[in-house]
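my_file.csv follows (CSV, C-alpha atoms):
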```
chain,number,residue,atom,x,y,z
M,19,MET,CA,-4.9,71.8,53.6
M,20,MET,CA,-3.6,69.1,56.0
M,21,ILE,CA,-7.1,68.5,57.3
M,22,TYR,CA,-8.4,67.8,53.8
M,23,TYR,CA,-5.7,65.2,53.2
M,24,GLN,CA,-6.3,63.6,56.6
M,25,LEU,CA,-10.0,63.2,55.7
M,26,LEU,CA,-9.1,61.7,52.3
M,27,THR,CA,-6.6,59.3,53.9
M,28,GLY,CA,-9.1,58.3,56.6
M,29,GLU,CA,-11.7,57.5,53.9
M,30,GLN,CA,-9.2,55.3,52.0
M,31,TYR,CA,-8.4,53.3,55.1
M,32,GLU,CA,-12.1,53.0,55.9
M,33,LYS,CA,-12.7,51.6,52.4
M,34,THR,CA,-10.0,48.9,53.0
M,35,ASP,CA,-11.6,48.0,56.4
M,36,ASP,CA,-8.6,49.3,58.4
M,37,TYR,CA,-10.7,51.0,61.0
M,38,GLU,CA,-8.0,51.7,63.5
M,39,LEU,CA,-6.0,53.8,61.0
M,40,ALA,CA,-9.1,55.4,59.7
M,41,GLU,CA,-10.1,56.4,63.2
M,42,SER,CA,-6.7,57.9,63.9
M,43,PHE,CA,-6.8,60.0,60.7
M,44,PHE,CA,-10.4,61.2,61.3
M,45,THR,CA,-9.5,62.0,64.9
M,46,ALA,CA,-6.4,64.0,63.8
M,47,ALA,CA,-8.5,65.9,61.3
M,48,TYR,CA,-11.1,66.6,63.9
M,49,GLN,CA,-8.5,67.9,66.4
M,50,GLU,CA,-6.8,70.1,63.8
M,51,ALA,CA,-10.2,71.5,62.7
M,52,LYS,CA,-11.1,72.3,66.3
M,53,LYS,CA,-8.0,74.6,66.5
M,54,HIS,CA,-9.1,76.6,63.4
M,55,LEU,CA,-12.8,77.0,63.6
M,56,PRO,CA,-14.1,80.0,61.5
M,57,ALA,CA,-15.7,83.1,62.8
M,58,LYS,CA,-19.5,83.3,62.9
M,59,HIS,CA,-21.3,83.9,59.6
M,60,HIS,CA,-18.2,83.2,57.5
M,61,LYS,CA,-18.0,80.3,55.1
M,62,TYR,CA,-14.4,78.9,55.1
M,63,TYR,CA,-13.5,75.9,53.0
M,64,LEU,CA,-10.7,73.5,53.6
M,65,LEU,CA,-9.2,73.6,50.1
M,66,LYS,CA,-11.6,75.0,47.5
M,67,GLN,CA,-15.3,75.8,47.5
M,68,GLN,CA,-15.8,73.3,44.7
M,69,ASN,CA,-14.8,70.4,47.0
M,70,GLN,CA,-17.6,71.4,49.4
M,71,ARG,CA,-15.5,70.6,52.5
M,72,THR,CA,-16.0,73.0,55.4
M,73,PHE,CA,-14.2,73.1,58.8
M,74,PHE,CA,-17.2,71.3,60.3
M,75,ASP,CA,-16.9,68.3,58.0
M,76,PRO,CA,-14.1,66.6,60.1
M,77,ILE,CA,-16.4,66.6,63.1
M,78,ASP,CA,-19.3,65.2,61.1
M,79,ARG,CA,-17.1,62.7,59.2
M,80,LEU,CA,-15.8,61.4,62.5
M,81,ALA,CA,-19.4,61.1,63.7
M,82,TYR,CA,-20.3,59.2,60.5
M,83,PHE,CA,-17.4,56.9,61.1
M,84,TYR,CA,-18.6,56.1,64.6
M,85,LEU,CA,-22.1,55.4,63.1
M,86,THR,CA,-20.5,53.0,60.6
M,87,ILE,CA,-18.8,51.0,63.4
M,88,GLY,CA,-21.8,51.1,65.6
M,89,ASN,CA,-20.8,53.7,68.3
M,90,LEU,CA,-24.1,55.5,68.2
M,91,LYS,CA,-23.6,57.4,71.5
M,92,ARG,CA,-20.3,59.0,70.4
M,93,ALA,CA,-21.7,59.8,67.0
M,94,ALA,CA,-24.7,61.6,68.5
M,95,GLN,CA,-22.3,63.6,70.8
M,96,LEU,CA,-20.2,64.7,67.8
M,97,PHE,CA,-23.3,65.7,65.7
M,98,GLN,CA,-24.5,67.8,68.7
M,99,GLU,CA,-21.1,69.3,69.0
M,100,SER,CA,-21.0,70.4,65.4
M,101,LYS,CA,-24.6,71.7,65.4
M,102,VAL,CA,-24.1,75.0,67.2
M,103,PRO,CA,-21.0,76.3,65.3
M,104,ARG,CA,-22.4,75.1,62.0
M,105,ASP,CA,-25.7,76.9,62.6
M,106,ASP,CA,-23.7,80.1,63.4
M,107,SER,CA,-21.8,79.9,60.1
M,108,PHE,CA,-24.6,78.5,58.0
M,109,PRO,CA,-27.9,79.8,59.4
M,110,SER,CA,-30.1,77.2,57.7
M,111,THR,CA,-30.8,74.3,60.0
M,112,ALA,CA,-32.0,72.0,57.3
M,113,PHE,CA,-28.7,70.1,57.3
M,114,THR,CA,-28.6,69.5,61.0
M,115,GLU,CA,-32.3,68.5,61.0
M,116,PHE,CA,-31.5,65.9,58.3
M,117,ILE,CA,-28.6,64.6,60.4
M,118,ARG,CA,-30.8,64.2,63.5
M,119,LEU,CA,-33.5,62.4,61.5
M,120,TRP,CA,-30.9,60.2,59.8
M,121,VAL,CA,-29.4,59.1,63.1
M,122,TRP,CA,-32.8,58.2,64.5
M,123,ALA,CA,-33.7,56.3,61.3
M,124,ARG,CA,-30.5,54.3,61.5
M,125,ILE,CA,-31.2,53.4,65.2
M,126,ILE,CA,-34.8,52.4,64.4
M,127,SER,CA,-33.7,50.3,61.4
M,128,LYS,CA,-31.2,48.4,63.5
M,129,ARG,CA,-33.9,47.7,66.0
M,130,ILE,CA,-36.3,46.5,63.3
M,131,ASN,CA,-33.7,44.2,61.8
M,132,THR,CA,-32.9,42.7,65.2
M,133,THR,CA,-36.7,42.1,65.8
M,134,LYS,CA,-37.1,40.5,62.4
M,135,ARG,CA,-34.2,38.2,63.0
M,136,MET,CA,-35.6,37.2,66.4
M,137,LEU,CA,-39.0,36.5,64.8
M,138,ASN,CA,-37.5,34.4,62.1
M,139,LEU,CA,-35.6,32.3,64.6
M,140,ALA,CA,-38.7,31.9,66.7
M,141,TRP,CA,-40.7,30.8,63.6
M,142,ARG,CA,-38.1,28.3,62.6
M,143,ASN,CA,-38.0,26.8,66.0
M,144,LYS,CA,-41.7,26.0,66.1
```
Translate the structure described by the file into structure tokens.
Amino acid sequence: MMIYYQLLTGEQYEKTDDYELAESFFTAAYQEAKKHLPAKHHKYYLLKQQNQRTFFDPIDRLAYFYLTIGNLKRAAQLFQESKVPRDDSFPSTAFTEFIRLWVWARIISKRINTTKRMLNLAWRNK
């Protein structure tokens, strides 16, 4: 139950652009969830099944947070860390494949935007 509320609090701080506090709450939820990982092939939820929050969500939520602030290396590490236990509990790999593709799409879009800005600056300076 505490993990669920830490995630909600972290999300609220992220919405108000207080990234330090958001990171501390997401990290606390991540560390608490790591202590209580479920057994293989069991679907445990943090509060209720209707909320769709599993014990792997704190790991992924922290990774999404790092994506938001631009720490792509740490985000990729966390997504890789959650992949194996998530696949053990939820045999479908569609979600993890989606995450992998989403991370790469984000990296590529940042590079494309940087290239566009550089081309625009070069065109203006002519």
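Here atom CA of Glu32 of chain M is placed at a distance of 17.7 Å from atom CA of Arg92 of chain M.
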Please provide as a PyMOL selection string all residues within 7 Å of segment 35-51 of chain M, with the sequence filter that same-chain residues fewer than 5 positions apart are discarded (counting only C-alpha atoms).
-> chain M and resi 21+24-25+27-29+73+76-77+80
Students should find that atom CA of Asn89 of chain M and atom CA of Gln30 of chain M are spaced 20.1 Å
Atom CA of Lys33 of chain M to atom CA of Arg124 of chain M, straight-line distance in Å |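 Interatomic distance here is 20.2 Å.
Comparing the minimum interatomic distances between Lys91 of chain M and each of M:Lys134, M:Val121, M:Met20, M:Pro103, counting all atoms listed in the file, we find that M:Val121 sits nearest.
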For Leu90 of chain M: contacts at 12 Å, only C-alpha atoms, fewer than 4 positions along chain excluded, given as a list in words |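 My reading of the contact set: Leu80, Ala81, Tyr82, Phe83, Tyr84, Leu85, Thr86, Ala94, Gln95, Leu96, Phe97, Arg118, Trp120, Val121, Trp122, Ala123, Arg124, Ile125, Ile126 and Lys128 of chain M.
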With C-alpha atoms kept, could you save the residues just selected as a short mmCIF file (atom, residue, chain, number, x, y, z; two decimals), in the coordinates of the input?
```cif
data_model
loop_
_atom_site.label_atom_id
_atom_site.label_comp_id
_atom_site.auth_asym_id
_atom_site.auth_seq_id
_atom_site.Cartn_x
_atom_site.Cartn_y
_atom_site.Cartn_z
CA LEU M 80 -15.80 61.40 62.50
CA ALA M 81 -19.40 61.10 63.70
CA TYR M 82 -20.30 59.20 60.50
CA PHE M 83 -17.40 56.90 61.10
CA TYR M 84 -18.60 56.10 64.60
CA LEU M 85 -22.10 55.40 63.10
CA THR M 86 -20.50 53.00 60.60
CA ALA M 94 -24.70 61.60 68.50
CA GLN M 95 -22.30 63.60 70.80
CA LEU M 96 -20.20 64.70 67.80
CA PHE M 97 -23.30 65.70 65.70
CA ARG M 118 -30.80 64.20 63.50
CA TRP M 120 -30.90 60.20 59.80
CA VAL M 121 -29.40 59.10 63.10
CA TRP M 122 -32.80 58.20 64.50
CA ALA M 123 -33.70 56.30 61.30
CA ARG M 124 -30.50 54.30 61.50
CA ILE M 125 -31.20 53.40 65.20
CA ILE M 126 -34.80 52.40 64.40
CA LYS M 128 -31.20 48.40 63.50
#
```
For Ser100 of chain M, which of M:Leu139, M:Gly88, M:Phe116, M:Asp75 is the closest residue, counting only C-alpha atoms?
-> M:Asp75
With all atoms listed in the file as the basis for distance, which of M:Leu26, M:Phe74, M:Ser127, M:Met136 is at the shortest distance from Lys53 of chain M?
->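 Among the listed residues, M:Phe74 lies closest to Lys53 of chain M.
Checking M:Ile117, M:Leu137, M:Ile87, M:Asn131 one by one against Lys101 of chain M, counting all atoms listed in the file, you find the shortest gap at M:Ile117.
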